[in-house]
Structure formats: C-alpha cells, structure tokens
$ cat coords-v8.pdb   # PDB, C-alpha atoms
ATOM      1  CA  MET A   1      -2.115 -16.692  22.943
ATOM      2  CA  SER A   2      -4.939 -14.157  22.617
ATOM      3  CA  GLY A   3      -3.702 -10.635  23.285
ATOM      4  CA  GLN A   4      -0.064 -11.762  23.452
ATOM      5  CA  VAL A   5       2.585 -10.564  21.037
ATOM      6  CA  ARG A   6       5.407 -12.798  19.914
ATOM      7  CA  ARG A   7       8.654 -10.950  20.357
ATOM      8  CA  ARG A   8      11.303 -11.275  17.696
ATOM      9  CA  THR A   9      14.846 -10.583  18.895
ATOM     10  CA  GLY A  10      17.803 -11.032  16.598
ATOM     11  CA  THR A  11      17.322 -14.247  14.638
ATOM     12  CA  ARG A  12      15.167 -15.850  17.353
ATOM     13  CA  ASP A  13      11.435 -16.268  17.229
ATOM     14  CA  ALA A  14      10.951 -15.817  20.953
ATOM     15  CA  ALA A  15       7.982 -16.937  23.042
ATOM     16  CA  PRO A  16       5.753 -14.189  24.449
ATOM     17  CA  ARG A  17       6.872 -12.660  27.709
ATOM     18  CA  LEU A  18       5.726 -14.733  30.666
ATOM     19  CA  LYS A  19       2.810 -13.040  32.401
ATOM     20  CA  ARG A  20       3.788 -11.344  35.649
ATOM     21  CA  GLU A  21       1.130 -13.025  37.799
ATOM     22  CA  LEU A  22       2.186 -16.489  36.586
ATOM     23  CA  TYR A  23       5.844 -15.615  37.019
ATOM     24  CA  GLU A  24       5.513 -14.245  40.547
ATOM     25  CA  LYS A  25       3.413 -17.171  41.771
ATOM     26  CA  GLU A  26       5.803 -19.789  40.406
ATOM     27  CA  LEU A  27       8.893 -17.861  41.508
ATOM     28  CA  LEU A  28       7.649 -17.748  45.089
ATOM     29  CA  ARG A  29       6.977 -21.494  45.035
ATOM     30  CA  LEU A  30      10.471 -22.167  43.699
ATOM     31  CA  GLN A  31      12.049 -19.852  46.272
ATOM     32  CA  ALA A  32      10.350 -21.845  49.013
ATOM     33  CA  GLU A  33      11.905 -24.985  47.524
ATOM     34  CA  LEU A  34      15.295 -23.252  47.490
ATOM     35  CA  VAL A  35      14.944 -22.652  51.234
ATOM     36  CA  THR A  36      14.175 -26.358  51.700
ATOM     37  CA  MET A  37      17.230 -27.224  49.605
ATOM     38  CA  GLN A  38      19.362 -24.840  51.641
ATOM     39  CA  GLU A  39      18.304 -26.483  54.901
ATOM     40  CA  TRP A  40      19.119 -29.930  53.504
ATOM     41  CA  ILE A  41      22.582 -28.766  52.417
ATOM     42  CA  ARG A  42      23.180 -27.160  55.803
ATOM     43  CA  ALA A  43      21.993 -30.230  57.741
ATOM     44  CA  THR A  44      23.843 -32.809  55.640
ATOM     45  CA  GLY A  45      27.080 -30.876  55.196
ATOM     46  CA  GLY A  46      26.671 -30.715  51.437
ATOM     47  CA  ARG A  47      28.640 -28.320  49.261
ATOM     48  CA  LEU A  48      27.127 -26.674  46.191
ATOM     49  CA  VAL A  49      28.751 -24.372  43.631
ATOM     50  CA  VAL A  50      26.558 -22.733  40.998
ATOM     51  CA  ILE A  51      28.320 -20.894  38.164
ATOM     52  CA  PHE A  52      26.501 -18.141  36.261
ATOM     53  CA  GLU A  53      28.076 -17.237  32.937
ATOM     54  CA  GLY A  54      26.873 -15.573  29.746
ATOM     55  CA  ARG A  55      27.147 -12.411  27.737
ATOM     56  CA  ASP A  56      26.943  -8.969  29.294
ATOM     57  CA  ALA A  57      23.346  -8.050  30.209
ATOM     58  CA  ALA A  58      22.188 -11.654  29.848
ATOM     59  CA  GLY A  59      20.467 -11.549  33.245
ATOM     60  CA  LYS A  60      22.948 -13.430  35.421
ATOM     61  CA  GLY A  61      22.884 -10.947  38.292
ATOM     62  CA  SER A  62      19.115 -10.677  38.436
ATOM     63  CA  ALA A  63      18.815 -14.479  38.444
ATOM     64  CA  ILE A  64      21.259 -14.708  41.347
ATOM     65  CA  LYS A  65      19.236 -12.084  43.214
ATOM     66  CA  ARG A  66      16.063 -14.191  42.889
ATOM     67  CA  VAL A  67      17.874 -17.363  43.940
ATOM     68  CA  THR A  68      19.244 -15.804  47.132
ATOM     69  CA  GLU A  69      16.311 -13.556  48.042
ATOM     70  CA  TYR A  70      15.101 -15.773  50.918
ATOM     71  CA  LEU A  71      18.257 -17.747  51.610
ATOM     72  CA  ASN A  72      20.419 -17.420  54.702
ATOM     73  CA  PRO A  73      23.499 -15.341  53.763
ATOM     74  CA  ARG A  74      25.519 -17.424  56.212
ATOM     75  CA  VAL A  75      24.739 -20.482  54.098
ATOM     76  CA  ALA A  76      24.405 -19.075  50.561
ATOM     77  CA  ARG A  77      27.216 -16.736  49.512
ATOM     78  CA  ILE A  78      27.617 -14.747  46.287
ATOM     79  CA  VAL A  79      31.125 -14.548  44.816
ATOM     80  CA  ALA A  80      31.899 -11.818  42.271
ATOM     81  CA  LEU A  81      35.651 -11.378  42.277
ATOM     82  CA  PRO A  82      37.254  -8.104  41.131
ATOM     83  CA  VAL A  83      40.189  -7.799  38.768
ATOM     84  CA  PRO A  84      43.092  -9.864  40.154
ATOM     85  CA  THR A  85      45.820  -8.070  42.065
ATOM     86  CA  GLU A  86      49.404  -8.046  40.879
ATOM     87  CA  ARG A  87      50.172 -10.836  43.347
ATOM     88  CA  GLU A  88      47.193 -12.911  42.227
ATOM     89  CA  LYS A  89      48.315 -12.599  38.622
ATOM     90  CA  THR A  90      51.453 -14.575  39.548
ATOM     91  CA  GLN A  91      49.498 -17.395  41.209
ATOM     92  CA  TRP A  92      48.181 -20.548  39.619
ATOM     93  CA  TYR A  93      45.126 -19.317  37.761
ATOM     94  CA  PHE A  94      42.567 -21.321  39.792
ATOM     95  CA  GLN A  95      44.159 -20.438  43.131
ATOM     96  CA  ARG A  96      42.041 -17.417  44.065
ATOM     97  CA  TYR A  97      38.854 -19.272  43.144
ATOM     98  CA  ILE A  98      39.786 -22.207  45.375
ATOM     99  CA  GLU A  99      39.691 -19.856  48.363
ATOM    100  CA  GLN A 100      36.019 -19.142  47.575
ATOM    101  CA  LEU A 101      34.851 -22.764  47.464
ATOM    102  CA  PRO A 102      32.203 -23.790  50.017
ATOM    103  CA  ALA A 103      32.848 -25.578  53.275
ATOM    104  CA  ALA A 104      30.401 -28.162  54.601
ATOM    105  CA  GLY A 105      26.826 -26.895  54.620
ATOM    106  CA  GLU A 106      27.469 -23.966  52.261
ATOM    107  CA  ILE A 107      26.282 -22.794  48.851
ATOM    108  CA  VAL A 108      28.426 -20.562  46.635
ATOM    109  CA  LEU A 109      26.923 -18.749  43.659
ATOM    110  CA  MET A 110      29.553 -17.387  41.279
ATOM    111  CA  ASP A 111      28.638 -14.284  39.292
ATOM    112  CA  ARG A 112      31.235 -15.112  36.668
ATOM    113  CA  SER A 113      33.968 -17.527  37.604
ATOM    114  CA  TRP A 114      37.207 -19.101  36.460
ATOM    115  CA  TYR A 115      35.644 -19.061  32.986
ATOM    116  CA  ASN A 116      36.702 -15.419  32.686
ATOM    117  CA  ARG A 117      39.865 -16.790  31.123
ATOM    118  CA  ALA A 118      37.924 -18.520  28.358
ATOM    119  CA  GLY A 119      35.827 -15.435  27.605
ATOM    120  CA  VAL A 120      36.738 -11.849  28.349
ATOM    121  CA  GLU A 121      40.426 -12.543  29.010
ATOM    122  CA  ARG A 122      40.849 -14.329  25.701
ATOM    123  CA  VAL A 123      38.836 -11.833  23.631
ATOM    124  CA  MET A 124      40.294  -8.694  25.223
ATOM    125  CA  GLY A 125      43.863 -10.000  25.248
ATOM    126  CA  PHE A 126      44.201 -10.130  29.044
ATOM    127  CA  CYS A 127      45.854 -13.532  28.814
ATOM    128  CA  THR A 128      48.289 -15.025  26.353
ATOM    129  CA  PRO A 129      47.312 -17.752  23.869
ATOM    130  CA  ALA A 130      49.449 -20.170  25.871
ATOM    131  CA  GLU A 131      47.627 -19.281  29.110
ATOM    132  CA  HIS A 132      44.295 -19.760  27.350
ATOM    133  CA  ARG A 133      45.298 -23.189  26.011
ATOM    134  CA  ARG A 134      46.542 -24.202  29.454
ATOM    135  CA  PHE A 135      43.225 -23.161  30.987
ATOM    136  CA  LEU A 136      41.201 -25.244  28.529
ATOM    137  CA  ALA A 137      43.393 -28.263  29.296
ATOM    138  CA  GLN A 138      43.369 -27.841  33.074
ATOM    139  CA  CYS A 139      39.754 -26.782  33.626
ATOM    140  CA  PRO A 140      38.117 -30.202  33.106
ATOM    141  CA  VAL A 141      40.719 -31.762  35.394
ATOM    142  CA  PHE A 142      40.164 -29.078  38.037
ATOM    143  CA  GLU A 143      36.394 -29.534  37.946
ATOM    144  CA  ARG A 144      36.724 -33.319  38.090
ATOM    145  CA  LEU A 145      38.765 -32.936  41.292
ATOM    146  CA  LEU A 146      36.031 -30.769  42.834
ATOM    147  CA  ILE A 147      33.326 -33.282  41.919
ATOM    148  CA  ASP A 148      35.401 -36.253  43.100
ATOM    149  CA  ASP A 149      35.738 -34.504  46.464
ATOM    150  CA  GLY A 150      31.953 -34.317  46.778
ATOM    151  CA  ILE A 151      31.233 -30.770  45.608
ATOM    152  CA  MET A 152      28.056 -30.435  43.565
ATOM    153  CA  LEU A 153      28.972 -28.238  40.590
ATOM    154  CA  ARG A 154      26.343 -26.688  38.319
ATOM    155  CA  LYS A 155      27.219 -24.467  35.331
ATOM    156  CA  TYR A 156      24.654 -22.234  33.632
ATOM    157  CA  TRP A 157      25.183 -20.212  30.458
ATOM    158  CA  PHE A 158      22.615 -17.433  29.995
ATOM    159  CA  SER A 159      22.095 -17.039  26.252
ATOM    160  CA  VAL A 160      20.830 -13.691  24.959
ATOM    161  CA  SER A 161      20.402 -12.481  21.377
ATOM    162  CA  ASP A 162      22.284  -9.498  20.003
ATOM    163  CA  ALA A 163      19.083  -7.461  19.588
ATOM    164  CA  GLU A 164      17.956  -8.111  23.164
ATOM    165  CA  GLN A 165      21.407  -7.247  24.490
ATOM    166  CA  ASP A 166      21.280  -3.937  22.590
ATOM    167  CA  ASP A 167      17.893  -3.141  24.125
ATOM    168  CA  ARG A 168      19.167  -3.836  27.634
ATOM    169  CA  PHE A 169      22.284  -1.746  27.102
ATOM    170  CA  ARG A 170      20.150   1.181  25.928
ATOM    171  CA  ASP A 171      17.863   0.791  28.931
ATOM    172  CA  ARG A 172      20.881   1.003  31.225
ATOM    173  CA  LEU A 173      22.238   4.060  29.450
ATOM    174  CA  ASP A 174      18.955   5.877  30.057
ATOM    175  CA  ASP A 175      18.430   4.712  33.651
ATOM    176  CA  PRO A 176      20.522   6.518  36.298
ATOM    177  CA  MET A 177      19.720   3.750  38.809
ATOM    178  CA  ARG A 178      21.263   1.065  36.576
ATOM    179  CA  ARG A 179      23.891   2.990  34.633
ATOM    180  CA  TRP A 180      26.575   1.659  36.975
ATOM    181  CA  LYS A 181      25.985  -1.784  35.440
ATOM    182  CA  LEU A 182      27.323  -0.551  32.110
ATOM    183  CA  SER A 183      31.061  -0.259  31.526
ATOM    184  CA  PRO A 184      33.173   0.588  28.472
ATOM    185  CA  MET A 185      34.079  -3.099  28.284
ATOM    186  CA  ASP A 186      30.388  -4.009  28.105
ATOM    187  CA  LEU A 187      29.926  -1.704  25.131
ATOM    188  CA  GLU A 188      33.075  -3.075  23.524
ATOM    189  CA  SER A 189      31.417  -6.500  23.573
ATOM    190  CA  ILE A 190      29.018  -5.217  20.881
ATOM    191  CA  ARG A 191      31.882  -4.771  18.411
ATOM    192  CA  ARG A 192      33.379  -8.108  19.429
ATOM    193  CA  TRP A 193      30.164 -10.145  19.320
ATOM    194  CA  GLU A 194      31.601 -12.729  16.899
ATOM    195  CA  ASP A 195      34.851 -12.964  18.847
ATOM    196  CA  TYR A 196      32.907 -13.762  22.007
ATOM    197  CA  SER A 197      30.798 -16.285  20.080
ATOM    198  CA  ARG A 198      33.886 -18.121  18.876
ATOM    199  CA  ALA A 199      35.416 -18.024  22.365
ATOM    200  CA  LYS A 200      32.232 -19.486  23.879
ATOM    201  CA  ASP A 201      32.081 -22.243  21.249
ATOM    202  CA  ASP A 202      35.708 -23.146  21.896
ATOM    203  CA  MET A 203      35.105 -23.136  25.654
ATOM    204  CA  PHE A 204      32.167 -25.514  25.316
ATOM    205  CA  VAL A 205      34.154 -27.938  23.159
ATOM    206  CA  HIS A 206      36.705 -28.355  25.949
ATOM    207  CA  THR A 207      34.648 -27.916  29.145
ATOM    208  CA  ASP A 208      31.171 -29.291  28.395
ATOM    209  CA  THR A 209      32.048 -32.680  29.838
ATOM    210  CA  THR A 210      30.052 -35.673  31.029
ATOM    211  CA  GLU A 211      31.099 -35.050  34.635
ATOM    212  CA  SER A 212      30.539 -31.270  34.473
ATOM    213  CA  PRO A 213      28.126 -30.310  31.673
ATOM    214  CA  TRP A 214      27.021 -26.836  30.713
ATOM    215  CA  PHE A 215      23.315 -26.026  30.888
ATOM    216  CA  GLU A 216      22.117 -23.283  28.545
ATOM    217  CA  VAL A 217      19.373 -20.914  29.660
ATOM    218  CA  GLU A 218      17.339 -19.088  27.014
ATOM    219  CA  ALA A 219      17.469 -15.606  28.513
ATOM    220  CA  ASP A 220      15.770 -13.180  26.133
ATOM    221  CA  ASP A 221      12.835 -13.233  28.570
ATOM    222  CA  LYS A 222      14.303 -12.770  32.042
ATOM    223  CA  ARG A 223      11.200 -14.096  33.761
ATOM    224  CA  ARG A 224      11.267 -17.355  31.832
ATOM    225  CA  ALA A 225      15.034 -17.620  32.310
ATOM    226  CA  ARG A 226      14.776 -17.359  36.107
ATOM    227  CA  ILE A 227      11.937 -19.872  36.358
ATOM    228  CA  ASN A 228      13.693 -22.357  34.049
ATOM    229  CA  MET A 229      17.097 -22.032  35.675
ATOM    230  CA  ILE A 230      15.859 -22.368  39.269
ATOM    231  CA  SER A 231      13.580 -25.277  38.347
ATOM    232  CA  HIS A 232      16.491 -27.088  36.730
ATOM    233  CA  LEU A 233      18.850 -26.453  39.639
ATOM    234  CA  LEU A 234      16.324 -27.866  42.100
ATOM    235  CA  SER A 235      15.823 -30.930  39.904
ATOM    236  CA  THR A 236      19.556 -31.749  39.989
ATOM    237  CA  VAL A 237      20.054 -31.619  43.767
ATOM    238  CA  PRO A 238      18.754 -34.671  45.716
ATOM    239  CA  TYR A 239      17.460 -32.602  48.626
ATOM    240  CA  GLN A 240      14.759 -33.611  51.084
ATOM    241  CA  GLU A 241      12.795 -31.700  53.658
ATOM    242  CA  VAL A 242      14.661 -31.570  56.950
ATOM    243  CA  GLU A 243      12.721 -32.027  60.166
ATOM    244  CA  ARG A 244      13.301 -29.076  62.457
ATOM    245  CA  PRO A 245      12.393 -28.971  66.150
ATOM    246  CA  PRO A 246       9.245 -26.910  66.741
ATOM    247  CA  LEU A 247       9.760 -23.400  68.070
ATOM    248  CA  VAL A 248       7.533 -22.070  70.828
ATOM    249  CA  MET A 249       7.195 -18.341  71.440
ATOM    250  CA  PRO A 250       7.865 -17.707  75.148
ATOM    251  CA  ASP A 251       5.829 -15.324  77.242
ATOM    252  CA  ARG A 252       7.593 -12.044  77.774
ATOM    253  CA  PRO A 253       8.219 -11.537  81.503
ATOM    254  CA  ASN A 254       7.165  -8.354  83.210
ATOM    255  CA  ALA A 255       9.982  -5.851  83.770
ATOM    256  CA  GLN A 256      11.208  -5.975  87.360
ATOM    257  CA  ASN A 257      14.673  -4.460  87.711
ATOM    258  CA  TYR A 258      14.981  -2.384  84.570
ATOM    259  CA  VAL A 259      13.672   1.062  83.635
ATOM    260  CA  ARG A 260      14.321   2.308  80.133
ATOM    261  CA  PRO A 261      16.217   5.636  80.075
ATOM    262  CA  PRO A 262      14.333   8.720  78.819
ATOM    263  CA  ARG A 263      14.184   9.037  75.046
ATOM    264  CA  ASP A 264      15.776  12.491  75.070
ATOM    265  CA  LEU A 265      19.079  10.961  76.186
ATOM    266  CA  TYR A 266      19.546   9.493  72.699
ATOM    267  CA  THR A 267      20.261  11.027  69.314
ATOM    268  CA  TRP A 268      17.406   9.929  67.066
ATOM    269  CA  VAL A 269      17.307   9.815  63.299
ATOM    270  CA  PRO A 270      15.046  12.659  62.050
ATOM    271  CA  ASP A 271      11.533  11.496  61.164
ATOM    272  CA  ARG A 272      11.715  12.179  57.445
ATOM    273  CA  SER A 273       8.652  10.000  56.899
ATOM    274  CA  ARG A 274       6.389  12.662  58.407
ATOM    275  CA  ASP A 275       7.203  14.979  55.517
ATOM    276  CA  LEU A 276       5.655  12.443  53.177
ATOM    277  CA  GLU A 277       2.261  12.493  54.866
TER     278      GLU A 277
END
$ encode --input "coords-v8.pdb" --output "structure tokens"
Amino acid sequence: MSGQVRRRTGTRDAAPRLKRELYEKELLRLQAELVTMQEWIRATGGRLVVIFEGRDAAGKGSAIKRVTEYLNPRVARIVALPVPTEREKTQWYFQRYIEQLPAAGEIVLMDRSWYNRAGVERVMGFCTPAEHRRFLAQCPVFERLLIDDGIMLRKYWFSVSDAEQDDRFRDRLDDPMRRWKLSPMDLESIRRWEDYSRAKDDMFVHTDTTESPWFEVEADDKRRARINMISHLLSTVPYQEVERPPLVMPDRPNAQNYVRPPRDLYTWVPDRSRDLE
C-alpha cells in the first residue's frame, strides 16, 4: 500500500487503482485464455451471449474492446443496436434481438441489450407502464428458452458511483476524441440518477434468476473491472484447449512466368510518413 492513495468516489471507499504493469500483464494472459475459449466454442459449435449493462460511462464499451481485441471477428461479434425503426416498434419486443443471437460456433457480445426496456425506456418514458410490466414478466421466460436451447447466457452489470460517473462525463466533455460518446441523454441521466437506481432494482427483482443470474462488476476502477469481469466469464465457460493441426511455412517458389508491372503504372498513396522524419 506504500505510495498508493485510496480513492473515495461517492459513498464508496474504493481500492487503489490497479497498477498498470500488473494490469497489462494479467490482461494479456486473460486475452490468451479468451482466444482458447473462442477456439473451443468454434470447434464444438457452442453458442455464447454476453450482455453488458450498466449506467452511462460505466466502462462497458472499453471492457468489450479488451475482450474482443484478439478474437476472430468472424467468431466473436459485437451487437450495439440503434434506436428501433418504426416497423421494429410494432414487432414483439424481443424480435429484433433474436435476429442477433449466435449460430453454432459464435460469440455475441451485446453492448446494451433487451434490457433497454427495463432501464432507459422506462425512465425516459419510451415505453408504456404496461409494456414495461410485460417485459419484466416475459424476460425470464425468454432467457429460459435460450438457455434450454443450449445458449450460454452471461449478464454483467457494471456498477459505477455517481462521483466517478461525473468525472468521466467531464473528461469526455473536455476530450475532442471522446466527446462523441456523450449525448444529451447521458447528461440527463445525472438528473435522473435515483430513477435509474429504482429501475435497476426493479429489474433485478424480476430478472436475477437462478437460471440466468446477474453478475455485478465494481467498475469505479476500469482496470480492475476488466480483469474481474473477464476472469469471471472464463471461469463460467467449460472450455478446453483444442488441438489444432500444425502449420508449416512453405518455401516460396522462384518466379517463373510472372513479371511485376512497373511501379509508375499505379497510383500510390503519398508518403506522408517522410514528413515526420
């Protein structure tokens, strides 16, 4: 603990920020395990859905980025659906999410999910009270059907304090590279903090089930949150290392019937890098 400062955010007495060198070493080890898990899912025809939920700026997107960094995009797919179209609004609520479910050998990571109805839609009035009640009644049944069909479903709630959320919002306001992450609805969530808290509590009462439990991730320290979440995910999937046939690099044959055309026949991208030297 020498030289480390305990951070206090909101009402939480948070652990000191995980040191970068420890974080990066463990993250790389876990990412290697994720690749092993991916190959097992691909080889066995497994199907995995991982849901990332939580308050705005809780670190869901950055966690997804670390999970998928070394994964094959043909196997692991990120789903972040936009606002539903007018046609989709007339469908059964779960219908457009069903289209995104994995086929055999695929992983789907949902950056927000059907739980929009229990959170932002309820708080912001985008659904009626009757539609919200129907969602809470149908959701456990829907998820039970997915699990009964063999889909591995994991649900993570990234929990962030109000003070830490404020800090992250301010950082985004001042950073032109990340300002796009901040919307008027994000800022509105500050005024509606208690409304979102009640909505989350209500959601957990109805959807934190034995078959499909919620797993909370303490997310005031993003480094700790990523390590803890990935470690837990790996511990819940019964993957094994898959034997792959060895690959041998062939010798490149000498060119016999091909001569490369002159370079000046092509339109080359200007060498901007030379200006940097």
$ atom_distance --input "coords-v8.pdb" --atom1 "CA of Arg144 in chain A" --atom2 "CA of Leu101 in chain A"
14.2 Å
$ atom_distance --input "coords-v8.pdb" --atom1 "CA of Leu153 in chain A" --atom2 "CA of Ser212 in chain A"
7.0 Å
$ resolve_selection --input "coords-v8.pdb" --expression "the PyMOL selection byres ((chain A and resi 68) around 10)" --output "count of residues only"
17
$ closest_residue --input "coords-v8.pdb" --among "A:Arg42, A:Arg134, A:Arg168, A:Arg154" --to "Glu106 in chain A" --atoms "all atoms listed in the file"
A:Arg42
$ atom_distance --input "coords-v8.pdb" --atom1 "CA of Thr36 in chain A" --atom2 "CA of Ser235 in chain A"
12.8 Å
$ resolve_selection --input "coords-v8.pdb" --expression "the PyMOL selection byres ((chain A and resi 49) around 12)" --output "VMD selection string"
chain A and resid 41 46 to 48 50 to 52 75 to 79 97 to 98 100 to 113 143 146 to 147 150 to 156 212 233 237
$ residues_around --input "coords-v8.pdb" --residues "Glu243 in chain A" --least-positions-apart "4" --cutoff "12 Å" --atoms "only C-alpha atoms" --output "ChimeraX atom specification"
/A:36,39-40,43
$ resolve_selection --input "coords-v8.pdb" --expression "the PyMOL selection byres ((chain A and resi 196-209) around 8)" --output "count of residues only"
19
$ residues_around --input "coords-v8.pdb" --residues "range 215-217 of chain A" --least-positions-apart "4" --cutoff "8 Å" --atoms "all atoms listed in the file" --output "list in words"
Lys155, Tyr156, Trp157, Phe158, Ser159, Ala225, Asn228 and Met229 of chain A
$ closest_residue --input "coords-v8.pdb" --among "A:Leu145, A:Ala219, A:Cys127, A:His132" --to "Asp162 in chain A" --atoms "only C-alpha atoms"
A:Ala219
$ closest_residue --input "coords-v8.pdb" --among "A:Glu218, A:Asp56, A:Glu26, A:Asp175" --to "Leu187 in chain A" --atoms "only C-alpha atoms"
A:Asp56
$ closest_residue --input "coords-v8.pdb" --among "A:Asp220, A:Val259, A:Ser161, A:Phe169" --to "Glu188 in chain A" --atoms "all atoms listed in the file"
A:Phe169
$ closest_residue --input "coords-v8.pdb" --among "A:Asp149, A:Ile227, A:Glu277, A:Asp171" --to "Glu24 in chain A" --atoms "only C-alpha atoms"
A:Ile227
$ closest_residue --input "coords-v8.pdb" --among "A:Pro184, A:Pro250, A:Gly59, A:Gly54" --to "Asp221 in chain A" --atoms "only C-alpha atoms"
A:Gly59
$ axis_aligned_box --input "coords-v8.pdb" --around "range 21-33 of chain A" --padding-each-side "8 Å" --output "lines of an AutoDock Vina configuration file"
center_x = 6.6
center_y = -19.0
center_z = 42.8
size_x = 26.9
size_y = 28.0
size_z = 28.4
